[in-house]
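Novice: Sending over work12.cif (mmCIF, C-alpha atoms and all ligand atoms).
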data_input
loop_
_atom_site.label_atom_id
_atom_site.label_comp_id
_atom_site.auth_asym_id
_atom_site.auth_seq_id
_atom_site.Cartn_x
_atom_site.Cartn_y
_atom_site.Cartn_z
CA MET A 656 76.83 288.11 12.92
CA ALA A 657 77.36 286.23 16.15
CA ASP A 658 80.53 286.96 18.12
CA PRO A 659 83.39 284.43 17.71
CA ILE A 660 82.51 282.63 20.93
CA GLN A 661 78.90 282.11 19.90
CA GLN A 662 79.87 281.24 16.36
CA LEU A 663 82.36 278.54 17.38
CA THR A 664 80.08 277.17 20.11
CA ALA A 665 77.25 276.74 17.62
CA ALA A 666 79.58 275.15 15.06
CA LEU A 667 81.06 272.65 17.53
CA ALA A 668 77.63 271.75 18.91
CA ARG A 669 76.82 270.31 15.46
CA LEU A 670 79.42 267.55 15.93
CA PRO A 671 78.17 264.08 16.92
CA GLY A 672 78.16 263.59 20.68
CA VAL A 673 78.92 267.27 21.37
CA GLY A 674 76.13 269.27 22.94
CA GLU A 675 75.94 272.97 23.78
CA LYS A 676 77.66 272.55 27.17
CA THR A 677 80.60 270.54 25.82
CA ALA A 678 80.99 272.96 22.92
CA GLN A 679 81.18 275.83 25.39
CA ARG A 680 83.82 273.97 27.41
CA PHE A 681 85.94 273.53 24.27
CA VAL A 682 85.63 277.20 23.35
CA PHE A 683 86.61 278.53 26.79
CA PHE A 684 89.46 276.03 26.98
CA LEU A 685 90.80 277.25 23.64
CA LEU A 686 90.45 280.89 24.73
CA ALA A 687 92.51 280.31 27.87
CA ASP A 688 95.04 278.02 26.18
CA ARG A 689 98.55 279.45 25.76
CA THR A 690 100.03 276.71 23.60
CA GLY A 691 98.55 277.77 20.26
CA ALA A 692 95.97 274.99 20.16
CA ALA A 693 93.29 277.19 18.57
CA ARG A 694 95.51 278.14 15.60
CA GLU A 695 96.73 274.58 15.24
CA ILE A 696 93.17 273.23 15.17
CA ALA A 697 92.08 276.00 12.78
CA HIS A 698 94.94 275.13 10.42
CA ALA A 699 94.20 271.39 10.57
CA LEU A 700 90.49 272.02 9.96
CA ALA A 701 91.26 274.22 6.95
CA ARG A 702 93.51 271.50 5.52
CA LEU A 703 90.84 268.87 6.13
CA ALA A 704 88.25 270.97 4.33
CA ASP A 705 90.57 271.99 1.47
CA GLU A 706 92.61 268.85 0.84
CA MET A 707 90.39 265.92 1.73
CA SER A 708 87.23 264.60 0.15
CA LEU A 709 85.55 261.24 -0.15
CA CYS A 710 86.72 258.69 -2.72
CA ARG A 711 84.30 258.85 -5.63
CA GLN A 712 84.18 255.07 -5.81
CA CYS A 713 84.00 253.82 -2.21
CA GLY A 714 83.42 256.87 0.00
CA PHE A 715 86.56 256.48 2.11
CA PRO A 716 88.41 259.75 2.82
CA SER A 717 90.89 260.55 0.09
CA GLN A 718 93.27 263.28 -1.05
CA GLY A 719 92.60 262.45 -4.69
CA GLU A 720 89.66 261.20 -6.73
CA LEU A 721 90.33 257.63 -5.64
CA CYS A 722 91.41 256.53 -2.17
CA ALA A 723 94.50 254.45 -1.40
CA TYR A 724 92.48 251.21 -1.43
CA CYS A 725 90.64 251.83 -4.71
CA SER A 726 93.81 252.91 -6.50
CA ASP A 727 95.96 250.01 -5.23
CA PRO A 728 96.24 247.46 -8.08
CA ARG A 729 97.31 244.73 -5.62
CA ARG A 730 93.86 244.85 -4.01
CA ASP A 731 91.34 242.21 -5.07
CA GLY A 732 88.72 244.11 -7.08
CA GLY A 733 86.40 241.09 -7.01
CA LEU A 734 85.77 241.53 -3.32
CA ILE A 735 83.90 244.46 -1.72
CA CYS A 736 83.49 244.90 2.01
CA VAL A 737 80.59 247.19 2.92
CA VAL A 738 81.00 249.10 6.19
CA GLN A 739 79.11 251.71 8.13
CA ASN A 740 81.98 254.14 8.89
CA PRO A 741 85.53 254.91 7.73
CA GLN A 742 86.69 253.83 11.22
CA ASP A 743 85.50 250.32 10.40
CA VAL A 744 87.86 250.27 7.39
CA LEU A 745 90.75 251.15 9.69
CA ALA A 746 89.75 248.38 12.12
CA ILE A 747 89.56 245.80 9.32
CA GLU A 748 92.89 246.99 7.91
CA ARG A 749 94.52 246.45 11.32
CA THR A 750 93.68 242.75 11.10
CA ALA A 751 95.77 242.48 7.88
CA GLU A 752 93.37 239.67 6.86
CA TYR A 753 91.48 241.47 4.12
CA ARG A 754 92.86 242.38 0.70
CA GLY A 755 89.73 243.43 -1.16
CA ARG A 756 88.14 246.83 -1.60
CA TYR A 757 85.58 248.72 0.48
CA HIS A 758 82.31 250.60 0.25
CA VAL A 759 81.59 253.07 3.06
CA LEU A 760 77.89 253.80 3.66
CA HIS A 761 78.45 256.63 6.20
CA GLY A 762 75.48 255.35 8.15
CA VAL A 763 72.81 252.66 8.07
CA ILE A 764 69.11 252.72 7.28
CA ASN A 765 67.39 254.21 10.33
CA PRO A 766 63.73 255.18 9.86
CA LEU A 767 63.52 256.68 13.37
CA GLU A 768 66.25 259.17 12.47
CA GLY A 769 64.84 259.77 9.02
CA VAL A 770 67.62 257.90 7.21
CA GLY A 771 66.09 256.01 4.31
CA PRO A 772 67.99 253.94 1.73
CA ASP A 773 68.05 256.93 -0.61
CA ARG A 774 70.28 258.80 1.87
CA LEU A 775 73.02 256.16 1.58
CA PRO A 776 75.33 255.48 -1.41
CA ILE A 777 73.53 252.24 -2.30
CA ARG A 778 73.07 253.00 -5.99
CA GLU A 779 76.83 253.58 -6.14
CA LEU A 780 77.40 250.17 -4.57
CA LEU A 781 75.12 248.42 -7.05
CA ALA A 782 76.92 250.19 -9.89
CA ARG A 783 80.19 248.55 -8.76
CA LEU A 784 79.02 244.92 -8.89
CA ASP A 785 80.32 244.20 -12.40
CA GLY A 786 83.20 241.72 -12.01
CA VAL A 787 82.60 241.36 -8.29
CA SER A 788 82.28 237.81 -6.92
CA GLU A 789 81.54 238.54 -3.27
CA VAL A 790 80.18 241.39 -1.17
CA ILE A 791 80.87 241.19 2.56
CA LEU A 792 78.33 243.14 4.61
CA ALA A 793 80.44 244.10 7.63
CA LEU A 794 77.70 246.13 9.27
CA ASN A 795 77.35 246.32 13.01
CA PRO A 796 75.04 243.69 14.56
CA THR A 797 72.43 246.24 15.65
CA VAL A 798 68.77 246.31 14.63
CA GLU A 799 69.57 248.97 12.01
CA GLY A 800 72.75 247.20 10.84
CA ASP A 801 70.90 243.90 10.43
CA ALA A 802 68.00 245.56 8.60
CA THR A 803 70.41 247.37 6.27
CA ALA A 804 72.30 244.12 5.58
CA LEU A 805 69.05 242.34 4.70
CA TYR A 806 68.00 245.23 2.47
CA LEU A 807 71.34 245.17 0.62
CA GLN A 808 71.36 241.38 0.33
CA ARG A 809 68.00 241.46 -1.45
CA LEU A 810 69.38 243.95 -3.96
CA ILE A 811 72.78 242.30 -4.50
CA SER A 812 71.94 238.56 -4.60
CA PRO A 813 69.81 238.79 -7.78
CA ALA A 814 72.90 240.10 -9.58
CA GLY A 815 74.47 236.68 -9.00
CA VAL A 816 76.97 238.01 -6.46
CA LYS A 817 77.65 236.05 -3.28
CA VAL A 818 76.68 238.00 -0.15
CA THR A 819 78.27 237.21 3.21
CA ARG A 820 78.38 238.65 6.72
CA PRO A 821 81.21 238.30 9.24
CA ALA A 822 80.43 235.74 11.95
CA THR A 823 79.25 237.99 14.73
CA GLY A 824 80.30 236.50 18.04
CA VAL A 825 79.53 238.24 21.31
CA ALA A 826 82.80 240.12 21.10
CA VAL A 827 81.83 241.92 17.89
CA GLY A 828 78.52 242.94 19.46
CA MET A 829 79.96 246.35 20.33
CA GLY A 830 80.64 247.11 16.70
CA ILE A 831 83.35 246.49 14.11
CA GLU A 832 85.22 249.64 15.07
CA TYR A 833 85.65 248.49 18.69
CA ALA A 834 86.31 244.79 18.12
CA ASP A 835 89.80 243.63 18.93
CA LYS A 836 92.08 242.56 16.10
CA ALA A 837 91.95 238.80 16.68
CA THR A 838 88.16 238.70 17.10
CA LEU A 839 87.59 240.77 13.99
CA ALA A 840 90.04 238.70 11.95
CA GLN A 841 88.22 235.55 13.03
CA ALA A 842 84.82 237.09 12.27
CA ILE A 843 85.92 237.99 8.74
CA ASN A 844 87.59 234.65 8.08
CA SER A 845 84.53 232.71 9.24
CA ARG A 846 82.02 234.84 7.36
CA ARG A 847 78.80 233.15 6.31
CA GLY A 848 76.58 233.38 3.27
CA MET A 849 73.28 235.22 3.61
CA GLY A 850 70.06 233.73 2.26
ZN ZN B 901 87.99 254.25 -2.53
#
Show me the file's structure as structure tokens.
Ligand SMILES: [Zn+2]
Specialist:
Amino acid sequence: MADPIQQLTAALARLPGVGEKTAQRFVFFLLADRTGAAREIAHALARLADEMSLCRQCGFPSQGELCAYCSDPRRDGGLICVVQNPQDVLAIERTAEYRGRYHVLHGVINPLEGVGPDRLPIRELLARLDGVSEVILALNPTVEGDATALYLQRLISPAGVKVTRPATGVAVGMGIEYADKATLAQAINSRRGMG
């Protein structure tokens, strides 16, 4: 068994964007900290692991079986917005322009990183199309995002469901998550049909 320093360093180094050096910095910071940060983080992590999971319908984080969006009867069930990350849901919610439901892919198809369609909850998305009139593919305008959108469009359109993408101006080029509220609202409102 590795000592606590090694164990935590290795665990933190698994996080996206955190390498060995950064992980080490975090660990030594926490060791020297006198404010109780380590216990606070440990407690929050335990709660995250114990109390939260992903909504069984859309994949957004949830404390129950269904997330707040899927269980809200005032939401338009005929509209599904497909996003790459939960952060994108939060960004779209900030615009207050969208009242449908979501489907979180937790990634996009990326052959170079070994992420094929089978690694994403695409079957789950297709299983939700009954009674749905439109699917908005709010994927980032990257090579992988575009390829994933095209892949999904080819699967969804034959079911007779309208498939749209937000109008991606230059300002959304950074990604949905980083787009400012007004730009994103405009992109969603001026979405266009695919194919
Ligand atoms: Zn949900």
Novice: Which residues, protein or nucleic acid, reach to within 9 Å of (85.0, 254.2, -6.9) in the file's coordinates when using only C-alpha atoms, and can you give that as a count of residues only?
Specialist: 14
Novice: Counting only C-alpha atoms, figure out which residue out of A:Leu784, A:Arg778, A:Asn844, A:Asp801 gets nearest to Pro813 (chain A).
Specialist: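 Under the stated criterion, the closest residue is A:Leu784.
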Novice: Could you tell me which of A:Val818, A:Ile660, A:Leu700, A:Ile735 comes closest to ligand ZN 901 (chain B) if we count all atoms listed in the file?
Specialist: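 Among the listed residues, the smallest separation from ligand ZN 901 (chain B) belongs to A:Ile735.
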Novice: For Leu792 (chain A), which residue among A:Arg669, A:Arg749, A:Arg846, A:Arg820 is the nearest when counting only C-alpha atoms?
Specialist: A:Arg820
Novice: Show me, as a list in words, the residues that have an atom within 8 Å of Val759 (chain A) when counting all atoms listed in the file, minus same-chain residues fewer than 3 positions from it.
Specialist: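 The filter keeps Cys713, Gly714, Phe715, Val737, Val738, Gln739, Asn740 and Pro741 of chain A.
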Novice: Report, in Å to a single decimal, how far apart CA of Ala834 (chain A) and CA of Val787 (chain A) are.
Specialist: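 Separation of CA of Val787 (chain A) and CA of Ala834 (chain A): 26.9 Å.
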Novice: Could you state the separation of CA of Leu775 (chain A) and CA of Leu760 (chain A) in Å, given to one decimal place?
Specialist: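 Between these atoms lies a distance of 5.8 Å.
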Novice: From the list A:Pro728, A:Pro659, A:Gly733, A:Gly762, which residue is nearest Ile791 (chain A) when using only C-alpha atoms?
Specialist: A:Gly733
Novice: Quick one: pull the distance between CA of Ile777 (chain A) and CA of Thr750 (chain A), Å, one decimal.
Specialist: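 Interatomic distance here is 26.0 Å.
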